[in-house]
Every structure is written in C-alpha cells, then in structure tokens.
$ cat work.txt   # compact mmCIF, C-alpha atoms and all ligand atoms
# COMPACT_ATOMS: atom_id res chain seq x y z
CA MET A 1 213.89 -29.87 -43.77
CA ARG A 2 216.30 -32.78 -43.57
CA ILE A 3 215.95 -35.86 -45.78
CA LYS A 4 217.80 -39.09 -46.30
CA THR A 5 218.03 -40.31 -49.87
CA GLU A 6 220.28 -42.12 -52.28
CA GLY A 7 221.32 -41.02 -55.69
CA LEU A 8 223.86 -40.67 -58.45
CA ILE A 9 226.03 -37.59 -58.96
CA ILE A 10 225.30 -36.45 -62.52
CA ARG A 11 227.22 -33.16 -62.38
CA GLU A 12 229.92 -31.64 -60.20
CA GLN A 13 231.26 -28.10 -60.29
CA PRO A 14 233.97 -26.69 -58.05
CA VAL A 15 232.95 -23.72 -55.88
CA GLY A 16 235.70 -21.67 -54.26
CA GLU A 17 238.70 -23.39 -52.70
CA SER A 18 237.22 -26.60 -51.42
CA ASP A 19 233.45 -26.72 -51.96
CA ARG A 20 231.49 -28.43 -54.65
CA LEU A 21 228.06 -27.86 -56.23
CA VAL A 22 226.57 -31.13 -57.42
CA SER A 23 223.43 -32.32 -59.19
CA VAL A 24 222.13 -35.58 -57.79
CA LEU A 25 219.67 -37.84 -59.60
CA THR A 26 217.90 -39.23 -56.53
CA ARG A 27 215.76 -42.33 -56.20
CA ASP A 28 212.74 -40.50 -54.83
CA ASN A 29 213.26 -36.73 -55.02
CA GLY A 30 214.06 -36.11 -58.69
CA VAL A 31 217.19 -34.15 -59.56
CA VAL A 32 218.47 -32.16 -56.57
CA LYS A 33 221.18 -29.48 -56.69
CA ALA A 34 223.18 -29.27 -53.49
CA PHE A 35 226.38 -27.89 -52.02
CA ALA A 36 228.97 -30.20 -50.54
CA ARG A 37 231.18 -28.16 -48.23
CA ARG A 38 234.87 -29.07 -47.99
CA ALA A 39 234.09 -31.89 -50.43
CA LYS A 40 237.33 -31.44 -52.35
CA LYS A 41 239.43 -32.17 -49.28
CA VAL A 42 240.66 -35.75 -49.60
CA SER A 43 240.28 -36.27 -45.84
CA ASP A 44 236.59 -35.37 -45.92
CA ASN A 45 234.26 -38.35 -46.22
CA LYS A 46 232.20 -36.47 -48.81
CA ASN A 47 235.08 -36.38 -51.27
CA ALA A 48 234.62 -39.73 -53.03
CA ALA A 49 230.87 -39.80 -52.48
CA THR A 50 230.24 -36.51 -54.30
CA THR A 51 232.33 -36.97 -57.44
CA LEU A 52 230.73 -37.49 -60.86
CA LEU A 53 229.20 -40.97 -61.29
CA SER A 54 229.29 -41.81 -57.58
CA TYR A 55 226.25 -43.70 -56.34
CA SER A 56 225.91 -42.67 -52.70
CA LYS A 57 223.63 -42.26 -49.70
CA PHE A 58 223.00 -38.70 -48.64
CA ASP A 59 221.78 -36.75 -45.63
CA LEU A 60 220.48 -33.58 -47.20
CA TYR A 61 219.45 -30.30 -45.67
CA MET A 62 216.85 -28.83 -48.01
CA GLY A 63 216.89 -25.08 -47.42
CA GLU A 64 214.75 -22.34 -48.87
CA ASN A 65 217.58 -20.93 -50.99
CA LYS A 66 220.01 -23.78 -51.16
CA ASN A 67 220.42 -27.42 -50.30
CA VAL A 68 223.44 -28.78 -48.46
CA ILE A 69 224.84 -32.30 -48.33
CA GLU A 70 225.52 -32.92 -44.65
CA ARG A 71 226.71 -36.50 -45.04
CA ALA A 72 227.54 -38.68 -48.02
CA THR A 73 228.55 -42.32 -48.06
CA PRO A 74 229.45 -44.21 -51.23
CA VAL A 75 227.19 -47.19 -52.06
CA MET A 76 228.79 -48.31 -55.29
CA VAL A 77 231.71 -47.26 -57.43
CA PHE A 78 231.52 -48.19 -61.10
CA LEU A 79 235.12 -49.27 -61.34
CA GLY A 80 234.87 -50.65 -64.88
CA LEU A 81 234.21 -47.18 -66.30
CA GLY A 82 237.64 -45.84 -65.42
CA LYS A 83 239.36 -48.54 -67.48
CA ASP A 84 237.71 -47.81 -70.80
CA ILE A 85 237.49 -44.38 -72.45
CA VAL A 86 234.44 -45.31 -74.57
CA LYS A 87 232.52 -46.58 -71.53
CA LEU A 88 233.53 -43.58 -69.41
CA SER A 89 232.59 -41.09 -72.15
CA MET A 90 229.27 -42.85 -72.63
CA ALA A 91 228.54 -42.72 -68.88
CA GLN A 92 229.32 -38.99 -68.87
CA TYR A 93 226.96 -38.54 -71.83
CA PHE A 94 224.21 -40.40 -69.90
CA CYS A 95 224.69 -38.00 -66.95
CA ASP A 96 224.58 -35.02 -69.29
CA LEU A 97 221.36 -36.26 -70.92
CA ALA A 98 219.74 -36.80 -67.54
CA ARG A 99 220.65 -33.25 -66.55
CA LEU A 100 219.40 -31.79 -69.85
CA ILE A 101 216.20 -33.79 -70.26
CA ILE A 102 214.75 -34.49 -66.81
CA PRO A 103 212.55 -31.59 -65.71
CA GLU A 104 213.29 -30.18 -62.24
CA GLN A 105 211.13 -31.66 -59.50
CA MET A 106 210.28 -34.68 -61.67
CA GLU A 107 210.30 -37.73 -59.44
CA SER A 108 210.72 -41.09 -61.09
CA GLU A 109 212.12 -44.21 -59.60
CA GLU A 110 212.13 -45.76 -63.07
CA ILE A 111 214.46 -43.05 -64.42
CA PHE A 112 216.78 -43.72 -61.49
CA ARG A 113 216.68 -47.48 -62.13
CA LEU A 114 217.28 -46.92 -65.85
CA MET A 115 220.38 -44.89 -65.08
CA LEU A 116 221.76 -47.33 -62.52
CA ASN A 117 221.08 -50.41 -64.65
CA SER A 118 222.65 -48.78 -67.70
CA LEU A 119 225.78 -47.81 -65.75
CA TYR A 120 226.00 -51.23 -64.14
CA LEU A 121 225.84 -53.02 -67.51
CA LEU A 122 228.33 -50.58 -68.98
CA SER A 123 230.80 -50.85 -66.12
CA GLU A 124 230.51 -54.39 -64.87
CA THR A 125 229.66 -56.51 -67.93
CA GLU A 126 231.01 -57.21 -71.40
CA ARG A 127 227.78 -56.14 -73.10
CA ASP A 128 228.39 -54.02 -76.20
CA PRO A 129 228.08 -50.36 -75.02
CA PHE A 130 226.17 -49.57 -78.21
CA LEU A 131 223.44 -52.01 -77.15
CA ILE A 132 223.10 -50.07 -73.89
CA LYS A 133 223.19 -46.52 -75.28
CA PRO A 134 220.01 -46.60 -77.46
CA VAL A 135 218.05 -48.21 -74.60
CA PHE A 136 219.07 -45.44 -72.23
CA GLU A 137 218.38 -42.75 -74.82
CA LEU A 138 214.98 -43.92 -76.04
CA ARG A 139 213.62 -45.10 -72.70
CA LEU A 140 214.70 -41.84 -71.03
CA MET A 141 212.79 -39.95 -73.71
CA CYS A 142 209.70 -42.07 -73.02
CA LEU A 143 209.94 -41.48 -69.25
CA THR A 144 210.25 -37.72 -69.63
CA GLY A 145 207.29 -37.11 -71.92
CA TYR A 146 208.91 -37.49 -75.36
CA GLU A 147 207.56 -40.96 -76.16
CA PRO A 148 207.38 -41.43 -79.94
CA ASP A 149 204.34 -43.27 -81.34
CA LEU A 150 205.80 -46.37 -82.98
CA HIS A 151 202.58 -48.41 -83.23
CA GLU A 152 201.60 -47.87 -86.86
CA CYS A 153 201.94 -45.73 -89.98
CA ILE A 154 200.20 -42.39 -89.37
CA GLY A 155 198.86 -42.47 -92.96
CA CYS A 156 197.32 -45.93 -93.41
CA GLY A 157 197.66 -47.65 -90.05
CA LYS A 158 199.97 -50.38 -91.37
CA LYS A 159 202.08 -51.86 -88.58
CA THR A 160 204.93 -53.26 -90.62
CA SER A 161 206.58 -52.50 -93.91
CA GLU A 162 210.00 -53.33 -95.29
CA ILE A 163 210.94 -49.71 -94.77
CA MET A 164 209.16 -47.29 -92.49
CA TYR A 165 210.22 -43.69 -91.97
CA PHE A 166 210.69 -42.17 -88.55
CA LEU A 167 209.61 -38.54 -88.45
CA THR A 168 211.81 -37.01 -85.76
CA ASP A 169 209.86 -33.75 -85.44
CA GLU A 170 206.47 -35.44 -85.18
CA ALA A 171 207.80 -38.46 -83.23
CA GLN A 172 205.73 -40.80 -85.40
CA ILE A 173 206.26 -43.37 -88.15
CA ILE A 174 205.03 -43.44 -91.74
CA CYS A 175 205.26 -46.22 -94.34
CA SER A 176 207.03 -45.80 -97.67
CA GLU A 177 203.74 -45.69 -99.65
CA CYS A 178 202.33 -42.87 -97.54
CA TYR A 179 205.58 -40.96 -97.32
CA GLU A 180 205.87 -38.40 -100.07
CA GLY A 181 209.56 -37.84 -99.62
CA ASN A 182 209.62 -34.16 -98.88
CA ASP A 183 210.09 -34.18 -95.14
CA LYS A 184 213.76 -33.65 -94.39
CA THR A 185 213.48 -35.00 -90.86
CA ALA A 186 212.30 -38.45 -92.01
CA ILE A 187 214.76 -41.26 -91.37
CA PRO A 188 214.34 -44.66 -93.06
CA VAL A 189 213.99 -47.50 -90.55
CA SER A 190 214.24 -51.18 -91.43
CA GLU A 191 211.94 -53.77 -89.86
CA GLY A 192 214.68 -55.10 -87.57
CA VAL A 193 215.56 -51.65 -86.22
CA LEU A 194 211.90 -50.73 -85.73
CA LYS A 195 211.38 -53.99 -83.84
CA ALA A 196 214.27 -53.09 -81.52
CA MET A 197 212.86 -49.59 -80.97
CA ARG A 198 209.44 -51.00 -80.13
CA HIS A 199 211.07 -53.44 -77.74
CA ILE A 200 212.90 -50.64 -75.92
CA GLU A 201 209.82 -48.46 -75.77
CA TYR A 202 207.03 -50.92 -74.97
CA SER A 203 208.66 -53.76 -72.97
CA ASP A 204 208.36 -54.14 -69.22
CA PHE A 205 211.30 -52.49 -67.52
CA GLU A 206 212.88 -55.83 -66.60
CA LYS A 207 213.18 -56.78 -70.29
CA ILE A 208 214.36 -53.56 -71.93
CA PHE A 209 217.97 -54.70 -72.38
CA SER A 210 217.01 -58.20 -73.59
CA PHE A 211 217.36 -57.92 -77.32
CA SER A 212 220.16 -58.31 -79.80
CA LEU A 213 221.14 -56.42 -82.88
CA ALA A 214 224.52 -56.25 -84.54
CA GLY A 215 226.60 -54.62 -87.24
CA ASP A 216 224.98 -52.09 -89.51
CA ARG A 217 221.56 -52.42 -87.89
CA LEU A 218 222.97 -51.64 -84.45
CA GLY A 219 224.72 -48.59 -85.92
CA LYS A 220 221.42 -47.44 -87.49
CA LEU A 221 219.57 -47.82 -84.19
CA ASN A 222 222.21 -45.72 -82.40
CA SER A 223 222.15 -43.03 -85.04
CA LEU A 224 218.35 -42.91 -84.93
CA THR A 225 218.01 -42.51 -81.15
CA GLU A 226 220.76 -39.89 -81.23
CA ARG A 227 219.06 -37.91 -83.97
CA TYR A 228 215.78 -38.03 -82.09
CA ILE A 229 217.46 -36.64 -78.98
CA ILE A 230 219.25 -33.91 -80.93
CA SER A 231 215.94 -32.89 -82.52
CA ILE A 232 214.40 -32.53 -79.04
CA LEU A 233 217.35 -30.68 -77.51
CA GLY A 234 218.00 -28.55 -80.57
CA PHE A 235 221.75 -29.05 -80.23
CA VAL A 236 224.40 -31.76 -79.99
CA PRO A 237 225.61 -32.21 -76.39
CA ASN A 238 229.39 -31.81 -76.00
CA THR A 239 229.57 -35.15 -74.21
CA LEU A 240 228.06 -36.85 -77.27
CA LYS A 241 230.57 -35.08 -79.54
CA PHE A 242 233.34 -36.33 -77.27
CA LEU A 243 231.99 -39.89 -77.24
CA LYS A 244 231.96 -39.90 -81.04
CA SER A 245 235.53 -38.65 -81.11
CA VAL A 246 236.81 -41.66 -79.12
CA ILE A 247 235.01 -44.51 -80.92
ZN ZN B 301 201.10 -45.91 -94.63
$ encode --input "work.txt" --output "structure tokens"
Amino acid sequence: MRIKTEGLIIREQPVGESDRLVSVLTRDNGVVKAFARRAKKVSDNKNAATTLLSYSKFDLYMGENKNVIERATPVMVFLGLGKDIVKLSMAQYFCDLARLIIPEQMESEEIFRLMLNSLYLLSETERDPFLIKPVFELRLMCLTGYEPDLHECIGCGKKTSEIMYFLTDEAQIICSECYEGNDKTAIPVSEGVLKAMRHIEYSDFEKIFSFSLAGDRLGKLNSLTERYIISILGFVPNTLKFLKSVI
C-alpha cells in the first residue's frame, strides 16, 4: 500500500553505508518506522527531509515487513533550533518523549499539532523555553492516556488550598489536611502552579500556551511535570539528562 502523509522525523538511525531508519510522527498515521534508502547521500533529495526534526511530506510504501520512504520533501526547517543549545536539546527531548510515550498505531492529529506548535514556538519565537516544555510534557501525557485528575482533593473534594500535594503514582491531588505525610511520591504544589497545570490540561488546544508564570514557580512547574513523566517511564531519558546539563 502506498500513502501520502506529512510528519516530523523524531528519530534517525544510520543503516549500512548510506541508508537511514527513521521514526516519523505523522499527522494521520501515528508513529511510522520507515527506511530511507540512500538518504545519507547529500545529492539525494531525501537527505535533508529525513534528518531529525525535519517536518516533511512523504510518499510511503507500507509493506508487510517494512515501510520505505519513496519520496520526501521538506515542508519546514526549524532554523532557530540550531542556534541555541538549550532549544535544540529541548527539541531532541520532545522527540524522545514522543517516541517513548506514544503507543504504536496511535493516531492523533492533536499530538502532531502539539509537537509542531511546541517546536515552532521554541524555534521561531522568544518565548521562554521553560514555558513551552511543561505544556508539551503534561499535554502529551493527557493525550496518551496518562491524564492526571487535577479537579479536587481526593480526600475531601476541596478544589483549592494554599498547598495541595500531587501524588505522582496515583496521578491525583490531595490537600494538606487530608495528606498524612507518609507518601514519598507526593510533591507540594502551590495554588499558582496548580492553576497553570489545570490550564495546560483542561484548556482548549488553541489556548494551552496562553499563560504566564515566572521565577521559582516556573521552575516548580517544570520539575513537577518532569517528575510525573519519570514516574510513568520509570527512568530518566538521556535527552532530559543532557538538557539539564546545558541549562
Ligand atoms: Zn482534602
């Protein structure tokens, strides 16, 4: 079967002398693994269009045992990423997360839009990268079946409290009165940070990036979404370790 699609290269691995095996996050076919023959040859038109972080159009042959990229044409190059090591490392971490979290065969145009919008903001605008990262992290979790319940305290139903605790293993919140203090995975969350998390999780897609948070509270939000992801994965991705080494 032959299909036409567009997508973002989220992983590339060299195969032999000049071929490449890539993972593509497509708009309408989920994550697809495919071979790009002769893709490493500079003269081949697939070269630029099949490198990590390329957003391209593809003609794909979907075979029984393997898929092959027959044609690839770049749609957009995120030029701003190459100029800034923090932005580039963050973009690589986003690709890694997509690869690790999105189940095979899962089709979601919203995941694709989340990735593209996050990369666009990261590459082409001056927006603080650490305002983009927690949105990508938390919203990706929600779209792949790991949506935490942030509505109310699981003990008493209270919606707000000066300090709530986020239970990473249960993916729920509990207020300070109901929390007995013996759960090691509980992370204290201030009202401002909880408000930002609720915004990311429950807003319409068009509004997810429209919030502001700064300083210590922004740092707390980042550390919280990271810890939630690590608790789901069970390990710290190397790309996240690298990102933290360059900030
Ligand atoms: Zn409570």
$ residues_near_ligand --input "work.txt" --ligand "ligand ZN 301 (chain B)" --cutoff "7 Å" --atoms "all atoms listed in the file" --output "ChimeraX atom specification"
/A:153-158,174-178
$ atom_distance --input "work.txt" --atom1 "atom CA of Leu194 of chain A" --atom2 "atom CA of Tyr228 of chain A"
13.8 Å
$ closest_residue --input "work.txt" --among "A:Leu122, A:Leu150, A:Val42, A:Ala214" --to "Gly80 of chain A" --atoms "all atoms listed in the file"
A:Leu122
$ atom_distance --input "work.txt" --atom1 "atom CA of His199 of chain A" --atom2 "atom CA of Cys142 of chain A"
12.4 Å
$ residues_near_point --input "work.txt" --point "(214.0, -52.1, -81.1)" --cutoff "12 Å" --atoms "only C-alpha atoms" --output "MDAnalysis selection string"
chainID A and resid 131:132 134:135 138:139 150 189:203 207:214 217:218 220:222 224:225
$ axis_aligned_box --input "work.txt" --around "segment 187-202 of chain A" --padding-each-side "8 Å" --output "lines of an AutoDock Vina configuration file"
center_x = 211.3
center_y = -48.2
center_z = -84.0
size_x = 24.5
size_y = 29.8
size_z = 34.1
$ atom_distance --input "work.txt" --atom1 "atom CA of Ile247 of chain A" --atom2 "atom CA of Asp128 of chain A"
12.5 Å
$ closest_residue --input "work.txt" --among "A:Ile101, A:Glu17, A:Asp216, A:Arg227" --to "Ile187 of chain A" --atoms "all atoms listed in the file"
A:Arg227
$ residues_around --input "work.txt" --residues "Asn29 of chain A" --least-positions-apart "6" --cutoff "9 Å" --atoms "all atoms listed in the file" --output "PyMOL selection string"
chain A and resi 5+105-109
$ closest_residue --input "work.txt" --among "A:Asn47, A:Leu97, A:Pro188, A:Met141" --to "Ser161 of chain A" --atoms "all atoms listed in the file"
A:Pro188
$ closest_residue --input "work.txt" --among "A:Lys133, A:Arg71, A:Lys40, A:Arg113" --to "Thr26 of chain A" --atoms "all atoms listed in the file"
A:Arg113
$ residues_around --input "work.txt" --residues "segment 55-62 of chain A" --least-positions-apart "6" --cutoff "7 Å" --atoms "only C-alpha atoms" --output "ChimeraX atom specification"
/A:1-9,49,68-77
$ closest_residue --input "work.txt" --among "A:Ala34, A:Leu121, A:Ile232, A:Leu140" --to "Ala171 of chain A" --atoms "only C-alpha atoms"
A:Ile232
$ closest_residue --input "work.txt" --among "A:Ser89, A:Thr51, A:Lys83, A:Gly181" --to "Ser245 of chain A" --atoms "only C-alpha atoms"
A:Ser89
$ residues_around --input "work.txt" --residues "Val15 of chain A" --least-positions-apart "2" --cutoff "12 Å" --atoms "all atoms listed in the file" --output "JSON, numbers by chain"
{"A": [12, 13, 17, 18, 19, 20, 21, 22, 34, 35, 36, 37, 38, 39, 40]}
$ write_last_selection --input "work.txt" --atoms "C-alpha atoms" --output "tab-separated table (two decimals), in the frame of the given file"
chain	number	residue	atom	x	y	z
A	12	GLU	CA	229.92	-31.64	-60.20
A	13	GLN	CA	231.26	-28.10	-60.29
A	17	GLU	CA	238.70	-23.39	-52.70
A	18	SER	CA	237.22	-26.60	-51.42
A	19	ASP	CA	233.45	-26.72	-51.96
A	20	ARG	CA	231.49	-28.43	-54.65
A	21	LEU	CA	228.06	-27.86	-56.23
A	22	VAL	CA	226.57	-31.13	-57.42
A	34	ALA	CA	223.18	-29.27	-53.49
A	35	PHE	CA	226.38	-27.89	-52.02
A	36	ALA	CA	228.97	-30.20	-50.54
A	37	ARG	CA	231.18	-28.16	-48.23
A	38	ARG	CA	234.87	-29.07	-47.99
A	39	ALA	CA	234.09	-31.89	-50.43
A	40	LYS	CA	237.33	-31.44	-52.35
$ decode --input "work.txt" --residues "segment 29-43 of chain A" --atoms "N, CA and C atoms" --output "PDB file, in the first residue's frame"
ATOM      1  N   ASN A  29      -1.246   9.058  10.649  1.00  0.00           N
ATOM      2  CA  ASN A  29      -0.979   7.621  10.717  1.00  0.00           C
ATOM      3  C   ASN A  29      -0.158   7.232  11.947  1.00  0.00           C
ATOM      4  N   GLY A  30      -0.187   8.045  12.984  1.00  0.00           N
ATOM      5  CA  GLY A  30       0.588   7.739  14.187  1.00  0.00           C
ATOM      6  C   GLY A  30       2.083   7.782  13.924  1.00  0.00           C
ATOM      7  N   VAL A  31       2.839   7.043  14.744  1.00  0.00           N
ATOM      8  CA  VAL A  31       4.292   6.978  14.541  1.00  0.00           C
ATOM      9  C   VAL A  31       4.593   5.831  13.578  1.00  0.00           C
ATOM     10  N   VAL A  32       5.315   6.141  12.498  1.00  0.00           N
ATOM     11  CA  VAL A  32       5.641   5.142  11.475  1.00  0.00           C
ATOM     12  C   VAL A  32       7.154   4.994  11.392  1.00  0.00           C
ATOM     13  N   LYS A  33       7.626   3.745  11.436  1.00  0.00           N
ATOM     14  CA  LYS A  33       9.062   3.494  11.223  1.00  0.00           C
ATOM     15  C   LYS A  33       9.255   3.180   9.752  1.00  0.00           C
ATOM     16  N   ALA A  34      10.261   3.780   9.138  1.00  0.00           N
ATOM     17  CA  ALA A  34      10.448   3.536   7.704  1.00  0.00           C
ATOM     18  C   ALA A  34      11.913   3.669   7.319  1.00  0.00           C
ATOM     19  N   PHE A  35      12.279   2.954   6.259  1.00  0.00           N
ATOM     20  CA  PHE A  35      13.632   3.065   5.720  1.00  0.00           C
ATOM     21  C   PHE A  35      13.681   4.160   4.666  1.00  0.00           C
ATOM     22  N   ALA A  36      14.775   4.909   4.691  1.00  0.00           N
ATOM     23  CA  ALA A  36      15.023   5.875   3.624  1.00  0.00           C
ATOM     24  C   ALA A  36      16.313   5.427   2.951  1.00  0.00           C
ATOM     25  N   ARG A  37      16.183   4.886   1.744  1.00  0.00           N
ATOM     26  CA  ARG A  37      17.368   4.367   1.044  1.00  0.00           C
ATOM     27  C   ARG A  37      18.201   5.504   0.471  1.00  0.00           C
ATOM     28  N   ARG A  38      19.497   5.363   0.534  1.00  0.00           N
ATOM     29  CA  ARG A  38      20.453   6.356   0.026  1.00  0.00           C
ATOM     30  C   ARG A  38      20.259   7.737   0.660  1.00  0.00           C
ATOM     31  N   ALA A  39      19.574   7.764   1.817  1.00  0.00           N
ATOM     32  CA  ALA A  39      19.204   9.058   2.394  1.00  0.00           C
ATOM     33  C   ALA A  39      20.406   9.855   2.888  1.00  0.00           C
ATOM     34  N   LYS A  40      21.529   9.149   3.151  1.00  0.00           N
ATOM     35  CA  LYS A  40      22.681   9.886   3.666  1.00  0.00           C
ATOM     36  C   LYS A  40      23.491  10.553   2.563  1.00  0.00           C
ATOM     37  N   LYS A  41      23.152  10.225   1.300  1.00  0.00           N
ATOM     38  CA  LYS A  41      23.877  10.868   0.202  1.00  0.00           C
ATOM     39  C   LYS A  41      23.358  12.305   0.048  1.00  0.00           C
ATOM     40  N   VAL A  42      24.274  13.241   0.078  1.00  0.00           N
ATOM     41  CA  VAL A  42      23.884  14.660   0.052  1.00  0.00           C
ATOM     42  C   VAL A  42      23.084  14.983  -1.210  1.00  0.00           C
ATOM     43  N   SER A  43      23.407  14.284  -2.323  1.00  0.00           N
ATOM     44  CA  SER A  43      22.729  14.577  -3.582  1.00  0.00           C
ATOM     45  C   SER A  43      21.289  14.055  -3.602  1.00  0.00           C
TER      46      SER A  43
END
